[in-house]
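Novice: Structure provided below as structure tokens; questions to follow.
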Amino acid sequence: MSLLRRSIRTAFIGLVLAFVGTAHVAASPASASDSDSTAVSTTVTVRVVSNDAKLIQDPVGGARVVIRHAETGEVLAEGRQTGNSGSTDKIMNRPHERGASIYEAPGAAKFQTTIPLTGPTPVIVTAEGPLDYPEAMQTASASATLMPGEDITGDGLVLTLHGFIVEMLSPEAGARVDGGTVAVRARVRLLCGCPTQPDGLWDASRYDMKAQIVGADGSVLTEAPMRFTGTTNEYEANVQMPPENVATLRVVVADADRVNFGVAEREI
């Protein structure tokens, strides 16, 4: 009987020790790696704006935004900025005061996402647009550090794209031009789709606009200044065709003071 009692006692003690050990493990603090796995959803707002103009809006295709981890290259979020170009009064007319909202307005274009963050996270944010005009597409990027729970809202992180949308309206693609002069017509807008004309809010009289005939070696053979047609955004020129073999008809638009440039080309 004594042997049986000892066996029972030994088994009982073993069960008690096992229970105590299990309880001790369950009550121990979580490891650092376990705590790091607790992510905080953090809102990030990005605005993509046309230099000296307004937000890149839906009618020009918006802008693509990508947020990458700066160290690993992992894509944390990506998508398209959507919405309208924002308030002309707030963006273009009112003096910009420090801390005042410029781009936030009903329906104003933005890219907004929620990213789960476990700690301070260095990122590189890249934007490209306008997406409906690949020949005018520009890119901008910025680096920042995101903090868990520190939402970026309102105007958000602002990226600026420089340039013009320049569209060749005539001559038509594939039109044959043999000697004499060629009538050139082009449409010129800011990257947001904002309109241009002399003495307008976006004053075309300050732009250097030319139609050029370019040789096969890339040299400019002849050129002529573009003139306003009387229709918003549209300009024209008659450029002399040279006797040499030519390769390209080109329209160039420059506003060097505000670092905006644009070009359209067509084979002739």
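Letters for chains follow the order of the structure tokens (A, B, ...), residue numbers begin at 1 for each chain, and ligand numbers begin at 1 in the order shown.
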What are the closest atom pairs, with distances in Å to one decimal, for each residue of segment 84-174 of chain A lying within 10 Å of segment 224-241 of chain A, using only C-alpha atoms, rows by chain and rising residue number, as a Markdown table?

Specialist:
| residue | atom | partner | partner_atom | distance |
| --- | --- | --- | --- | --- |
| A:Val166 | CA | A:Asn233 | CA | 9.5 |
| A:Glu167 | CA | A:Glu234 | CA | 9.4 |
| A:Met168 | CA | A:Glu234 | CA | 9.8 |
| A:Leu169 | CA | A:Glu234 | CA | 8.9 |
| A:Ser170 | CA | A:Glu236 | CA | 9.0 |

Novice: Write the selection just made, keeping C-alpha atoms, as a CSV table (one decimal), in the first residue's frame?

Specialist:
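The result, written out as out_25.csv:
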chain,number,residue,atom,x,y,z
A,166,VAL,CA,0.8,70.6,-74.9
A,167,GLU,CA,-1.4,69.0,-77.5
A,168,MET,CA,-0.8,69.3,-81.3
A,169,LEU,CA,-4.2,70.0,-82.9
A,170,SER,CA,-2.9,70.5,-86.5

Novice: Hey, what's within 7 Å of segment 149-164 of chain A if we count only C-alpha atoms and toss same-chain stuff fewer than 5 positions away? As a compact mmCIF listing (two decimals) with N, CA and C atoms, in the first residue's frame, please?

Specialist:
# COMPACT_ATOMS: atom_id res chain seq x y z
N VAL A 40 -0.79 50.01 -35.51
CA VAL A 40 -1.78 51.06 -35.34
C VAL A 40 -2.15 51.61 -36.71
N SER A 41 -3.43 51.57 -37.05
CA SER A 41 -3.88 52.10 -38.34
C SER A 41 -3.71 53.61 -38.37
N THR A 42 -3.00 54.09 -39.37
CA THR A 42 -2.65 55.52 -39.45
C THR A 42 -3.05 56.07 -40.81
N THR A 43 -3.80 57.16 -40.81
CA THR A 43 -4.27 57.78 -42.05
C THR A 43 -3.19 58.66 -42.65
N VAL A 44 -3.00 58.53 -43.96
CA VAL A 44 -2.04 59.34 -44.70
C VAL A 44 -2.75 59.98 -45.88
N THR A 45 -2.68 61.30 -45.98
CA THR A 45 -3.28 62.05 -47.09
C THR A 45 -2.18 62.68 -47.92
N VAL A 46 -2.27 62.49 -49.24
CA VAL A 46 -1.30 63.08 -50.17
C VAL A 46 -2.07 63.93 -51.18
N ARG A 47 -1.53 65.12 -51.48
CA ARG A 47 -2.10 65.98 -52.53
C ARG A 47 -1.03 66.19 -53.60
N VAL A 48 -1.44 66.05 -54.85
CA VAL A 48 -0.54 66.27 -55.98
C VAL A 48 -1.03 67.49 -56.72
N VAL A 49 -0.18 68.51 -56.84
CA VAL A 49 -0.59 69.81 -57.37
C VAL A 49 0.27 70.18 -58.57
N SER A 50 -0.34 70.90 -59.51
CA SER A 50 0.37 71.45 -60.66
C SER A 50 1.06 72.73 -60.24
N ASN A 51 2.33 72.86 -60.55
CA ASN A 51 3.10 74.03 -60.14
C ASN A 51 2.46 75.32 -60.65
N SER A 101 -5.21 76.19 -44.25
CA SER A 101 -5.50 75.19 -45.26
C SER A 101 -5.58 75.85 -46.63
N ILE A 102 -4.93 75.23 -47.61
CA ILE A 102 -4.93 75.73 -48.99
C ILE A 102 -5.72 74.82 -49.91
N TYR A 103 -5.52 73.51 -49.75
CA TYR A 103 -6.07 72.56 -50.72
C TYR A 103 -7.32 71.83 -50.24
N GLU A 104 -7.57 71.81 -48.95
CA GLU A 104 -8.76 71.12 -48.44
C GLU A 104 -10.02 71.90 -48.80
N ALA A 136 2.85 64.31 -71.34
CA ALA A 136 3.06 65.45 -70.44
C ALA A 136 3.38 65.01 -69.01
N GLN A 138 4.73 64.02 -65.49
CA GLN A 138 5.87 64.42 -64.68
C GLN A 138 5.83 63.64 -63.36
N THR A 139 6.97 63.61 -62.67
CA THR A 139 7.10 62.84 -61.43
C THR A 139 7.71 63.71 -60.34
N ALA A 140 7.25 63.50 -59.12
CA ALA A 140 7.85 64.16 -57.95
C ALA A 140 7.85 63.18 -56.80
N SER A 141 8.78 63.35 -55.86
CA SER A 141 8.81 62.47 -54.69
C SER A 141 9.28 63.25 -53.47
N VAL A 188 -2.69 74.47 -75.07
CA VAL A 188 -1.74 74.55 -73.96
C VAL A 188 -2.49 74.77 -72.65
N ARG A 189 -2.28 73.86 -71.69
CA ARG A 189 -2.88 73.99 -70.37
C ARG A 189 -1.85 73.65 -69.30
N LEU A 190 -2.15 74.03 -68.06
CA LEU A 190 -1.35 73.56 -66.94
C LEU A 190 -1.63 72.09 -66.71
N LEU A 191 -0.78 71.41 -65.93
CA LEU A 191 -0.94 69.97 -65.72
C LEU A 191 -2.25 69.62 -65.03
N VAL A 259 9.37 77.83 -63.71
CA VAL A 259 9.87 76.47 -63.90
C VAL A 259 8.78 75.53 -64.42
N ASN A 260 8.08 76.00 -65.46
CA ASN A 260 7.11 75.16 -66.16
C ASN A 260 7.49 75.09 -67.64
N PHE A 261 7.55 73.87 -68.16
CA PHE A 261 7.93 73.65 -69.56
C PHE A 261 7.04 72.53 -70.13
N GLY A 262 6.81 72.60 -71.43
CA GLY A 262 6.04 71.54 -72.08
C GLY A 262 6.42 71.43 -73.54

Novice: With only C-alpha atoms as the basis for distance, which of A:Glu71, A:Glu223, A:Asp257, A:Glu265 is at the shortest distance from Ala186 of chain A?

Specialist: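 For Ala186 of chain A, the nearest of the given residues is A:Glu265.
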
Novice: Can you tell me how far atom CA of Lys54 of chain A sits from atom CA of Ala77 of chain A, in Å to one decimal?

Specialist: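 Separating atom CA of Lys54 of chain A from atom CA of Ala77 of chain A is a distance of 23.9 Å.
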
Novice: With DSSP run on the backbone, what are the helix (DSSP H, G or I) residues within segment 58-160 of chain A? I'd like them as a PyMOL selection string.

Specialist: chain A and resi 58-60+88-93+134-136

Novice: As a ChimeraX atom specification, list the residues of segment 48-240 of chain A assigned to strand (DSSP E) by DSSP on the backbone atoms of this structure.

Specialist: /A:48-50,63-69,75-81,111-117,121-129,138-146,152-161,164-170,181-190,208-215,220-225,227-228,234-240

Novice: Determine the nearest neighbour of Val263 of chain A from the options A:Gln212, A:Thr72, A:Asn93, A:Ser219, counting only C-alpha atoms.

Specialist: A:Gln212

Novice: Would you kindly return, as a list of chain:residue names, each protein, DNA or RNA residue with an atom no farther than 9 Å from any atom of segment 81-86 of chain A, considering only C-alpha atoms and excluding same-chain residues fewer than 6 positions away?

Specialist: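 Selected residues are A:Val46, A:Arg47, A:Val48, A:Val49, A:Lys54, A:Leu55, A:Ile56, A:Gln57, A:Asp58, A:Pro59, A:Gly61, A:Gly62, A:Ala63, A:Arg64, A:Val65, A:Ile102, A:Tyr103, A:Glu104, A:Ala105, A:Pro106, A:Gly107, A:Ala108, A:Ala109, A:Lys110, A:Phe111, A:Gln112, A:Cys192, A:Gly193, A:Cys194.
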